[in-house]
$ cat start_3.txt   # compact mmCIF, N, CA and C atoms
# COMPACT_ATOMS: atom_id res chain seq x y z
N MET A 1 5.51 -7.45 55.57
CA MET A 1 6.52 -8.32 56.17
C MET A 1 6.09 -8.83 57.56
N LEU A 2 5.58 -7.92 58.40
CA LEU A 2 5.22 -8.32 59.75
C LEU A 2 4.06 -9.31 59.76
N GLN A 3 3.11 -9.16 58.85
CA GLN A 3 2.02 -10.13 58.75
C GLN A 3 2.58 -11.50 58.37
N SER A 4 3.61 -11.52 57.53
CA SER A 4 4.19 -12.81 57.13
C SER A 4 4.86 -13.51 58.32
N LEU A 5 5.28 -12.77 59.34
CA LEU A 5 5.85 -13.40 60.54
C LEU A 5 4.79 -14.27 61.22
N LEU A 6 3.57 -13.78 61.30
CA LEU A 6 2.49 -14.57 61.89
C LEU A 6 2.24 -15.82 61.06
N GLU A 7 2.31 -15.69 59.75
CA GLU A 7 2.13 -16.84 58.86
C GLU A 7 3.27 -17.85 59.01
N LYS A 8 4.42 -17.38 59.45
CA LYS A 8 5.58 -18.26 59.66
C LYS A 8 5.62 -18.84 61.07
N GLY A 9 4.55 -18.65 61.83
CA GLY A 9 4.47 -19.28 63.15
C GLY A 9 4.95 -18.44 64.31
N TYR A 10 5.22 -17.18 64.07
CA TYR A 10 5.60 -16.30 65.17
C TYR A 10 4.37 -15.97 66.01
N THR A 11 4.59 -15.68 67.27
CA THR A 11 3.55 -15.14 68.12
C THR A 11 3.90 -13.68 68.36
N ARG A 12 2.92 -12.86 68.62
CA ARG A 12 3.23 -11.46 68.89
C ARG A 12 2.65 -11.05 70.24
N VAL A 13 3.38 -10.17 70.88
CA VAL A 13 3.03 -9.69 72.22
C VAL A 13 3.12 -8.17 72.19
N ARG A 14 2.16 -7.54 72.81
CA ARG A 14 2.12 -6.08 72.86
C ARG A 14 3.26 -5.54 73.71
N LEU A 15 3.96 -4.56 73.18
CA LEU A 15 4.98 -3.83 73.91
C LEU A 15 4.36 -2.56 74.48
N VAL A 16 4.76 -2.20 75.66
CA VAL A 16 4.34 -0.94 76.27
C VAL A 16 5.58 -0.05 76.30
N ILE A 17 5.40 1.20 75.92
CA ILE A 17 6.48 2.17 76.03
C ILE A 17 6.28 2.88 77.38
N THR A 18 7.25 2.75 78.26
CA THR A 18 7.12 3.32 79.60
C THR A 18 7.37 4.83 79.58
N LYS A 19 7.11 5.46 80.71
CA LYS A 19 7.38 6.90 80.85
C LYS A 19 8.86 7.21 80.68
N THR A 20 9.71 6.20 80.87
CA THR A 20 11.15 6.39 80.71
C THR A 20 11.62 6.00 79.31
N ASN A 21 10.66 5.72 78.42
CA ASN A 21 10.92 5.37 77.03
C ASN A 21 11.56 3.99 76.88
N HIS A 22 11.34 3.11 77.86
CA HIS A 22 11.79 1.73 77.77
C HIS A 22 10.67 0.87 77.17
N LEU A 23 11.05 -0.26 76.61
CA LEU A 23 10.07 -1.24 76.14
C LEU A 23 9.78 -2.19 77.29
N GLU A 24 8.51 -2.51 77.48
CA GLU A 24 8.12 -3.36 78.60
C GLU A 24 7.08 -4.38 78.13
N ILE A 25 7.14 -5.58 78.72
CA ILE A 25 6.14 -6.61 78.47
C ILE A 25 5.71 -7.23 79.79
N VAL A 26 4.55 -7.85 79.75
CA VAL A 26 4.11 -8.68 80.86
C VAL A 26 4.18 -10.11 80.37
N ALA A 27 4.76 -10.98 81.17
CA ALA A 27 4.95 -12.38 80.80
C ALA A 27 4.70 -13.23 82.05
N LYS A 28 4.98 -14.51 81.94
CA LYS A 28 4.88 -15.40 83.10
C LYS A 28 6.21 -16.09 83.31
N LEU A 29 6.63 -16.13 84.56
CA LEU A 29 7.82 -16.86 84.95
C LEU A 29 7.38 -17.89 85.97
N ASN A 30 7.64 -19.14 85.66
CA ASN A 30 7.18 -20.24 86.51
C ASN A 30 5.69 -20.10 86.82
N ARG A 31 4.96 -19.73 85.76
CA ARG A 31 3.49 -19.61 85.75
C ARG A 31 2.94 -18.44 86.56
N LEU A 32 3.80 -17.52 86.99
CA LEU A 32 3.38 -16.35 87.74
C LEU A 32 3.64 -15.09 86.92
N SER A 33 2.72 -14.14 86.98
CA SER A 33 2.84 -12.92 86.20
C SER A 33 4.07 -12.12 86.60
N ALA A 34 4.75 -11.59 85.58
CA ALA A 34 5.97 -10.81 85.80
C ALA A 34 6.03 -9.66 84.80
N ARG A 35 6.66 -8.58 85.22
CA ARG A 35 6.85 -7.41 84.37
C ARG A 35 8.34 -7.31 84.02
N PHE A 36 8.62 -7.17 82.71
CA PHE A 36 10.00 -7.14 82.24
C PHE A 36 10.26 -5.95 81.32
N LEU A 37 11.45 -5.37 81.43
CA LEU A 37 11.94 -4.49 80.39
C LEU A 37 12.49 -5.39 79.28
N VAL A 38 12.36 -4.96 78.04
CA VAL A 38 12.99 -5.66 76.91
C VAL A 38 14.20 -4.82 76.55
N ASP A 39 15.39 -5.41 76.69
CA ASP A 39 16.63 -4.66 76.51
C ASP A 39 17.57 -5.40 75.57
N THR A 40 17.62 -4.96 74.33
CA THR A 40 18.49 -5.60 73.33
C THR A 40 19.97 -5.43 73.67
N GLY A 41 20.29 -4.47 74.53
CA GLY A 41 21.68 -4.25 74.92
C GLY A 41 22.13 -5.07 76.11
N ALA A 42 21.21 -5.74 76.76
CA ALA A 42 21.56 -6.60 77.90
C ALA A 42 21.95 -7.97 77.35
N SER A 43 23.14 -8.43 77.63
CA SER A 43 23.58 -9.71 77.08
C SER A 43 22.83 -10.89 77.67
N ASN A 44 22.48 -10.80 78.94
CA ASN A 44 21.76 -11.88 79.63
C ASN A 44 20.46 -11.37 80.21
N SER A 45 19.49 -12.26 80.31
CA SER A 45 18.24 -11.92 80.96
C SER A 45 18.47 -11.97 82.47
N CYS A 46 17.87 -11.02 83.17
CA CYS A 46 18.17 -10.80 84.58
C CYS A 46 16.91 -10.66 85.41
N LEU A 47 17.06 -10.98 86.67
CA LEU A 47 16.00 -10.80 87.66
C LEU A 47 16.59 -10.18 88.91
N ASP A 48 15.73 -9.53 89.68
CA ASP A 48 16.14 -9.01 90.97
C ASP A 48 16.23 -10.17 91.96
N PHE A 49 17.06 -10.04 92.97
CA PHE A 49 17.17 -11.07 94.00
C PHE A 49 15.81 -11.41 94.61
N SER A 50 14.91 -10.45 94.70
CA SER A 50 13.60 -10.71 95.28
C SER A 50 12.80 -11.74 94.48
N ALA A 51 13.18 -11.95 93.24
CA ALA A 51 12.48 -12.92 92.38
C ALA A 51 12.68 -14.35 92.86
N ILE A 52 13.73 -14.61 93.63
CA ILE A 52 13.99 -15.96 94.11
C ILE A 52 12.78 -16.48 94.87
N LYS A 53 12.28 -15.69 95.78
CA LYS A 53 11.11 -16.10 96.56
C LYS A 53 9.83 -15.96 95.74
N LYS A 54 9.66 -14.84 95.07
CA LYS A 54 8.43 -14.55 94.34
C LYS A 54 8.10 -15.59 93.28
N PHE A 55 9.14 -16.06 92.54
CA PHE A 55 8.92 -16.99 91.43
C PHE A 55 9.40 -18.41 91.72
N HIS A 56 9.71 -18.69 92.99
CA HIS A 56 10.09 -20.03 93.43
C HIS A 56 11.32 -20.54 92.66
N LEU A 57 12.36 -19.71 92.62
CA LEU A 57 13.56 -20.06 91.87
C LEU A 57 14.53 -20.86 92.73
N ILE A 58 15.23 -21.77 92.09
CA ILE A 58 16.37 -22.43 92.71
C ILE A 58 17.59 -21.72 92.16
N SER A 59 18.40 -21.16 93.04
CA SER A 59 19.54 -20.38 92.58
C SER A 59 20.82 -20.87 93.24
N GLU A 60 21.91 -20.50 92.61
CA GLU A 60 23.23 -20.84 93.16
C GLU A 60 24.14 -19.64 93.03
N GLU A 61 25.08 -19.57 93.93
CA GLU A 61 26.06 -18.48 93.92
C GLU A 61 26.94 -18.58 92.68
N THR A 62 27.41 -17.43 92.21
CA THR A 62 28.40 -17.40 91.13
C THR A 62 29.54 -16.49 91.55
N GLU A 63 30.64 -16.61 90.85
CA GLU A 63 31.75 -15.71 91.10
C GLU A 63 31.72 -14.53 90.14
N ASN A 64 30.80 -14.57 89.18
CA ASN A 64 30.69 -13.49 88.20
C ASN A 64 30.11 -12.25 88.85
N LYS A 65 30.47 -11.11 88.30
CA LYS A 65 29.94 -9.83 88.75
C LYS A 65 29.16 -9.22 87.61
N ALA A 66 28.04 -8.58 87.95
CA ALA A 66 27.20 -7.94 86.94
C ALA A 66 27.57 -6.47 86.84
N ALA A 67 27.36 -5.93 85.66
CA ALA A 67 27.54 -4.51 85.42
C ALA A 67 26.38 -4.04 84.57
N GLY A 68 25.89 -2.88 84.87
CA GLY A 68 24.79 -2.32 84.09
C GLY A 68 24.83 -0.82 84.17
N ALA A 69 23.87 -0.17 83.56
CA ALA A 69 23.82 1.28 83.56
C ALA A 69 23.84 1.79 84.99
N GLY A 70 24.90 2.45 85.37
CA GLY A 70 24.98 3.06 86.69
C GLY A 70 25.47 2.16 87.81
N ALA A 71 25.83 0.92 87.51
CA ALA A 71 26.29 0.03 88.59
C ALA A 71 27.35 -0.92 88.04
N LEU A 72 28.35 -1.19 88.87
CA LEU A 72 29.44 -2.09 88.49
C LEU A 72 29.71 -3.09 89.60
N GLU A 73 30.29 -4.22 89.23
CA GLU A 73 30.78 -5.21 90.20
C GLU A 73 29.73 -5.67 91.21
N MET A 74 28.53 -5.94 90.70
CA MET A 74 27.45 -6.40 91.58
C MET A 74 27.50 -7.91 91.72
N PRO A 75 27.41 -8.44 92.94
CA PRO A 75 27.37 -9.90 93.12
C PRO A 75 26.16 -10.50 92.42
N THR A 76 26.31 -11.72 91.95
CA THR A 76 25.22 -12.37 91.20
C THR A 76 24.98 -13.79 91.70
N LYS A 77 23.80 -14.26 91.35
CA LYS A 77 23.43 -15.67 91.47
C LYS A 77 22.90 -16.08 90.11
N ILE A 78 22.70 -17.37 89.92
CA ILE A 78 22.15 -17.87 88.66
C ILE A 78 21.03 -18.85 88.98
N SER A 79 20.01 -18.84 88.14
CA SER A 79 18.92 -19.79 88.27
C SER A 79 18.66 -20.38 86.89
N ARG A 80 18.55 -21.70 86.85
CA ARG A 80 18.36 -22.40 85.58
C ARG A 80 17.03 -23.16 85.61
N LYS A 81 16.63 -23.60 84.43
CA LYS A 81 15.45 -24.47 84.27
C LYS A 81 14.16 -23.84 84.79
N ASN A 82 13.91 -22.61 84.38
CA ASN A 82 12.69 -21.92 84.73
C ASN A 82 11.80 -21.79 83.51
N ARG A 83 10.51 -21.82 83.72
CA ARG A 83 9.54 -21.74 82.63
C ARG A 83 9.19 -20.28 82.37
N LEU A 84 9.48 -19.82 81.16
CA LEU A 84 9.16 -18.46 80.74
C LEU A 84 8.10 -18.53 79.65
N GLU A 85 7.02 -17.79 79.83
CA GLU A 85 5.95 -17.72 78.84
C GLU A 85 5.74 -16.26 78.47
N ILE A 86 5.93 -15.98 77.19
CA ILE A 86 5.67 -14.65 76.65
C ILE A 86 4.61 -14.85 75.58
N GLY A 87 3.37 -14.48 75.90
CA GLY A 87 2.27 -14.82 75.00
C GLY A 87 2.19 -16.33 74.88
N SER A 88 2.14 -16.83 73.65
CA SER A 88 2.10 -18.29 73.47
C SER A 88 3.50 -18.87 73.26
N TRP A 89 4.54 -18.04 73.32
CA TRP A 89 5.91 -18.52 73.20
C TRP A 89 6.35 -19.02 74.58
N THR A 90 6.96 -20.20 74.62
CA THR A 90 7.38 -20.80 75.89
C THR A 90 8.81 -21.31 75.78
N HIS A 91 9.57 -21.07 76.84
CA HIS A 91 10.91 -21.63 76.98
C HIS A 91 10.94 -22.29 78.36
N LYS A 92 11.05 -23.63 78.38
CA LYS A 92 10.91 -24.38 79.63
C LYS A 92 12.19 -24.45 80.46
N LYS A 93 13.32 -24.02 79.90
CA LYS A 93 14.58 -24.12 80.64
C LYS A 93 15.33 -22.79 80.58
N SER A 94 14.63 -21.70 80.87
CA SER A 94 15.29 -20.39 80.80
C SER A 94 16.26 -20.22 81.96
N LYS A 95 17.34 -19.53 81.65
CA LYS A 95 18.41 -19.26 82.62
C LYS A 95 18.37 -17.76 82.93
N TRP A 96 18.55 -17.44 84.20
CA TRP A 96 18.47 -16.06 84.65
C TRP A 96 19.66 -15.70 85.52
N ILE A 97 20.18 -14.51 85.32
CA ILE A 97 21.19 -13.95 86.20
C ILE A 97 20.44 -13.10 87.23
N LEU A 98 20.73 -13.30 88.49
CA LEU A 98 20.07 -12.56 89.56
C LEU A 98 21.05 -11.58 90.19
N PHE A 99 20.59 -10.36 90.39
CA PHE A 99 21.40 -9.37 91.08
C PHE A 99 20.47 -8.31 91.67
N ASP A 100 21.01 -7.42 92.44
CA ASP A 100 20.23 -6.37 93.09
C ASP A 100 19.88 -5.30 92.04
N MET A 101 18.61 -5.25 91.68
CA MET A 101 18.17 -4.31 90.65
C MET A 101 17.60 -3.02 91.25
N VAL A 102 17.96 -2.71 92.48
CA VAL A 102 17.41 -1.52 93.13
C VAL A 102 17.72 -0.26 92.31
N HIS A 103 18.88 -0.18 91.71
CA HIS A 103 19.23 1.02 90.93
C HIS A 103 18.32 1.16 89.70
N VAL A 104 17.94 0.04 89.09
CA VAL A 104 17.03 0.07 87.93
C VAL A 104 15.65 0.52 88.38
N ASN A 105 15.12 -0.12 89.40
CA ASN A 105 13.77 0.19 89.85
C ASN A 105 13.66 1.57 90.50
N THR A 106 14.71 2.02 91.14
CA THR A 106 14.70 3.37 91.70
C THR A 106 14.61 4.40 90.58
N ALA A 107 15.37 4.19 89.52
CA ALA A 107 15.34 5.11 88.38
C ALA A 107 13.96 5.11 87.72
N LEU A 108 13.36 3.93 87.57
CA LEU A 108 12.02 3.85 86.98
C LEU A 108 11.01 4.58 87.86
N SER A 109 11.03 4.30 89.15
CA SER A 109 10.09 4.93 90.08
C SER A 109 10.23 6.45 90.10
N ARG A 110 11.46 6.90 90.07
CA ARG A 110 11.73 8.33 90.12
C ARG A 110 11.08 9.06 88.94
N GLU A 111 10.95 8.36 87.82
CA GLU A 111 10.36 8.95 86.62
C GLU A 111 8.87 8.63 86.48
N GLY A 112 8.29 8.00 87.50
CA GLY A 112 6.86 7.72 87.48
C GLY A 112 6.49 6.44 86.75
N ALA A 113 7.48 5.61 86.42
CA ALA A 113 7.21 4.33 85.74
C ALA A 113 7.07 3.23 86.80
N GLN A 114 6.43 2.13 86.41
CA GLN A 114 6.29 0.99 87.32
C GLN A 114 7.61 0.25 87.43
N THR A 115 7.84 -0.37 88.58
CA THR A 115 9.04 -1.19 88.75
C THR A 115 8.88 -2.49 87.99
N VAL A 116 9.99 -3.17 87.76
CA VAL A 116 9.99 -4.42 87.00
C VAL A 116 10.59 -5.54 87.82
N ASP A 117 10.24 -6.77 87.43
CA ASP A 117 10.83 -7.95 88.07
C ASP A 117 12.17 -8.30 87.44
N GLY A 118 12.34 -7.91 86.18
CA GLY A 118 13.57 -8.27 85.50
C GLY A 118 13.69 -7.66 84.12
N ILE A 119 14.66 -8.19 83.40
CA ILE A 119 15.00 -7.71 82.06
C ILE A 119 15.10 -8.89 81.12
N ILE A 120 14.40 -8.81 80.00
CA ILE A 120 14.57 -9.79 78.92
C ILE A 120 15.72 -9.28 78.08
N GLY A 121 16.80 -10.07 78.02
CA GLY A 121 17.99 -9.65 77.31
C GLY A 121 18.20 -10.39 76.00
N ALA A 122 19.36 -10.14 75.40
CA ALA A 122 19.68 -10.68 74.08
C ALA A 122 19.67 -12.20 74.04
N ASP A 123 19.98 -12.87 75.14
CA ASP A 123 19.98 -14.34 75.13
C ASP A 123 18.60 -14.89 74.76
N ILE A 124 17.57 -14.38 75.38
CA ILE A 124 16.20 -14.84 75.08
C ILE A 124 15.73 -14.28 73.74
N LEU A 125 16.07 -13.04 73.45
CA LEU A 125 15.66 -12.44 72.18
C LEU A 125 16.27 -13.21 71.00
N LYS A 126 17.51 -13.61 71.11
CA LYS A 126 18.14 -14.40 70.04
C LYS A 126 17.50 -15.78 69.94
N ARG A 127 17.30 -16.42 71.06
CA ARG A 127 16.72 -17.77 71.09
C ARG A 127 15.35 -17.78 70.44
N SER A 128 14.58 -16.73 70.64
CA SER A 128 13.21 -16.66 70.13
C SER A 128 13.13 -16.02 68.74
N LYS A 129 14.29 -15.72 68.16
CA LYS A 129 14.33 -15.06 66.84
C LYS A 129 13.46 -13.80 66.85
N ALA A 130 13.59 -13.02 67.90
CA ALA A 130 12.74 -11.87 68.14
C ALA A 130 12.85 -10.81 67.05
N VAL A 131 11.70 -10.23 66.75
CA VAL A 131 11.61 -9.07 65.87
C VAL A 131 10.81 -8.02 66.63
N ILE A 132 11.35 -6.81 66.69
CA ILE A 132 10.66 -5.74 67.39
C ILE A 132 10.10 -4.76 66.36
N ASP A 133 8.80 -4.54 66.43
CA ASP A 133 8.11 -3.56 65.59
C ASP A 133 7.88 -2.33 66.47
N TYR A 134 8.81 -1.40 66.41
CA TYR A 134 8.74 -0.21 67.26
C TYR A 134 7.53 0.66 66.91
N LYS A 135 7.26 0.81 65.63
CA LYS A 135 6.17 1.69 65.19
C LYS A 135 4.82 1.24 65.75
N ASN A 136 4.52 -0.05 65.63
CA ASN A 136 3.23 -0.57 66.07
C ASN A 136 3.25 -1.20 67.46
N ARG A 137 4.41 -1.23 68.08
CA ARG A 137 4.60 -1.71 69.46
C ARG A 137 4.27 -3.19 69.63
N TRP A 138 4.90 -4.02 68.81
CA TRP A 138 4.74 -5.47 68.91
C TRP A 138 6.11 -6.12 69.04
N LEU A 139 6.17 -7.18 69.82
CA LEU A 139 7.33 -8.06 69.90
C LEU A 139 6.90 -9.39 69.29
N TYR A 140 7.62 -9.84 68.28
CA TYR A 140 7.35 -11.11 67.61
C TYR A 140 8.37 -12.14 68.06
N LEU A 141 7.91 -13.34 68.42
CA LEU A 141 8.78 -14.42 68.91
C LEU A 141 8.42 -15.71 68.20
N LYS A 142 9.43 -16.53 67.95
CA LYS A 142 9.20 -17.82 67.28
C LYS A 142 9.70 -18.95 68.18
N ASN A 143 8.86 -19.98 68.38
CA ASN A 143 9.26 -21.16 69.15
C ASN A 143 10.24 -22.00 68.37
$ encode --input "start_3.txt" --output "structure tokens"
Amino acid sequence: MLQSLLEKGYTRVRLVITKTNHLEIVAKLNRLSARFLVDTGASNSCLDFSAIKKFHLISEETENKAAGAGALEMPTKISRKNRLEIGSWTHKKSKWILFDMVHVNTALSREGAQTVDGIIGADILKRSKAVIDYKNRWLYLKN
């Protein structure tokens, strides 16, 4: 079945299992290298506020509050029309929710894992018709 995904035009990207048992990928955001957790439980793809400068994002304030594992009611910003490249899969108008991800990166660091720039959530996974092969550690995406 997984070989047939390649025949159907999917691209595949290697997943790394972190020391914290998270799925991680390296991708490009606005043509710059970025490290992301892949989180099927995250409704939106997210970046840390520091990404605004690092990836040259144009952002705007929102009234929405973010909630995640261990944190509630976090102020957010939004950035639209960003170029995301995961392997040969490209989305030229990706939207990102920005918030303070210090709690995420602190937890990763505490366990000896590398920090991340953001999280690839269900919005991008659905858009790309993502298939995760946990056994062989591949993420399949379709343009």
$ select_by_dssp --input "start_3.txt" --residues "region 23-130 of chain A" --states "helix (DSSP H, G or I)" --output "ChimeraX atom specification"
/A:51-54,102-110,122-127
$ residues_around --input "start_3.txt" --residues "Gln114 (chain A)" --least-positions-apart "6" --cutoff "7 Å" --atoms "all atoms listed in the file" --output "VMD selection string"
chain A and resid 18 to 19 105 108
$ atom_distance --input "start_3.txt" --atom1 "CA of Val116 (chain A)" --atom2 "CA of Leu37 (chain A)"
6.9 Å
$ residues_around --input "start_3.txt" --residues "Asn82 (chain A)" --least-positions-apart "5" --cutoff "9 Å" --atoms "only C-alpha atoms" --output "list in words"
Leu29, Asn30, Leu57, Ile58, His91, Lys92, Lys93, Ser94, Lys95 and Trp96 of chain A
$ select_by_dssp --input "start_3.txt" --residues "chain A" --states "strand (DSSP E)" --output "ChimeraX atom specification"
/A:11-14,16-17,23-29,32-38,46-48,59-68,71-86,89-99,118-120,131-133,138-141
$ closest_residue --input "start_3.txt" --among "A:Ala27, A:Ala122, A:Lys142, A:Phe55" --to "Lys8 (chain A)" --atoms "all atoms listed in the file"
A:Lys142
$ closest_residue --input "start_3.txt" --among "A:Leu23, A:Leu6, A:Leu98, A:Ile52" --to "Val38 (chain A)" --atoms "only N, CA and C atoms"
A:Leu23
$ closest_residue --input "start_3.txt" --among "A:Phe99, A:Tyr134, A:Tyr140, A:Phe36" --to "Met74 (chain A)" --atoms "all atoms listed in the file"
A:Phe99
$ closest_residue --input "start_3.txt" --among "A:Asp100, A:Asp123, A:Glu7, A:Glu111" --to "Thr20 (chain A)" --atoms "only C-alpha atoms"
A:Glu111
$ closest_residue --input "start_3.txt" --among "A:Arg14, A:Asp117, A:Gly9, A:Arg127" --to "Phe49 (chain A)" --atoms "all atoms listed in the file"
A:Asp117
$ closest_residue --input "start_3.txt" --among "A:Ile120, A:Gly87, A:Ile132, A:Ser59" --to "Ala42 (chain A)" --atoms "only C-alpha atoms"
A:Ile120
$ build_atoms --input "start_3.txt" --residues "region 41-57 of chain A" --atoms "N, CA, C and O atoms" --output "compact mmCIF listing (two decimals), keeping the file's coordinate frame"
# COMPACT_ATOMS: atom_id res chain seq x y z
N GLY A 41 20.29 -4.47 74.53
CA GLY A 41 21.68 -4.25 74.92
C GLY A 41 22.13 -5.07 76.11
O GLY A 41 23.31 -5.10 76.44
N ALA A 42 21.21 -5.74 76.76
CA ALA A 42 21.56 -6.60 77.90
C ALA A 42 21.95 -7.97 77.35
O ALA A 42 21.15 -8.61 76.67
N SER A 43 23.14 -8.43 77.63
CA SER A 43 23.58 -9.71 77.08
C SER A 43 22.83 -10.89 77.67
O SER A 43 22.56 -11.87 76.98
N ASN A 44 22.48 -10.80 78.94
CA ASN A 44 21.76 -11.88 79.63
C ASN A 44 20.46 -11.37 80.21
O ASN A 44 20.35 -10.21 80.61
N SER A 45 19.49 -12.26 80.31
CA SER A 45 18.24 -11.92 80.96
C SER A 45 18.47 -11.97 82.47
O SER A 45 19.18 -12.83 82.98
N CYS A 46 17.87 -11.02 83.17
CA CYS A 46 18.17 -10.80 84.58
C CYS A 46 16.91 -10.66 85.41
O CYS A 46 15.87 -10.23 84.91
N LEU A 47 17.06 -10.98 86.67
CA LEU A 47 16.00 -10.80 87.66
C LEU A 47 16.59 -10.18 88.91
O LEU A 47 17.78 -10.36 89.21
N ASP A 48 15.73 -9.53 89.68
CA ASP A 48 16.14 -9.01 90.97
C ASP A 48 16.23 -10.17 91.96
O ASP A 48 15.52 -11.18 91.82
N PHE A 49 17.06 -10.04 92.97
CA PHE A 49 17.17 -11.07 94.00
C PHE A 49 15.81 -11.41 94.61
O PHE A 49 15.56 -12.55 95.00
N SER A 50 14.91 -10.45 94.70
CA SER A 50 13.60 -10.71 95.28
C SER A 50 12.80 -11.74 94.48
O SER A 50 11.85 -12.33 94.99
N ALA A 51 13.18 -11.95 93.24
CA ALA A 51 12.48 -12.92 92.38
C ALA A 51 12.68 -14.35 92.86
O ALA A 51 11.88 -15.23 92.55
N ILE A 52 13.73 -14.61 93.63
CA ILE A 52 13.99 -15.96 94.11
C ILE A 52 12.78 -16.48 94.87
O ILE A 52 12.29 -17.58 94.60
N LYS A 53 12.28 -15.69 95.78
CA LYS A 53 11.11 -16.10 96.56
C LYS A 53 9.83 -15.96 95.74
O LYS A 53 9.00 -16.88 95.71
N LYS A 54 9.66 -14.84 95.07
CA LYS A 54 8.43 -14.55 94.34
C LYS A 54 8.10 -15.59 93.28
O LYS A 54 6.96 -15.98 93.11
N PHE A 55 9.14 -16.06 92.54
CA PHE A 55 8.92 -16.99 91.43
C PHE A 55 9.40 -18.41 91.72
O PHE A 55 9.53 -19.23 90.82
N HIS A 56 9.71 -18.69 92.99
CA HIS A 56 10.09 -20.03 93.43
C HIS A 56 11.32 -20.54 92.66
O HIS A 56 11.32 -21.65 92.13
N LEU A 57 12.36 -19.71 92.62
CA LEU A 57 13.56 -20.06 91.87
C LEU A 57 14.53 -20.86 92.73
O LEU A 57 14.64 -20.65 93.93
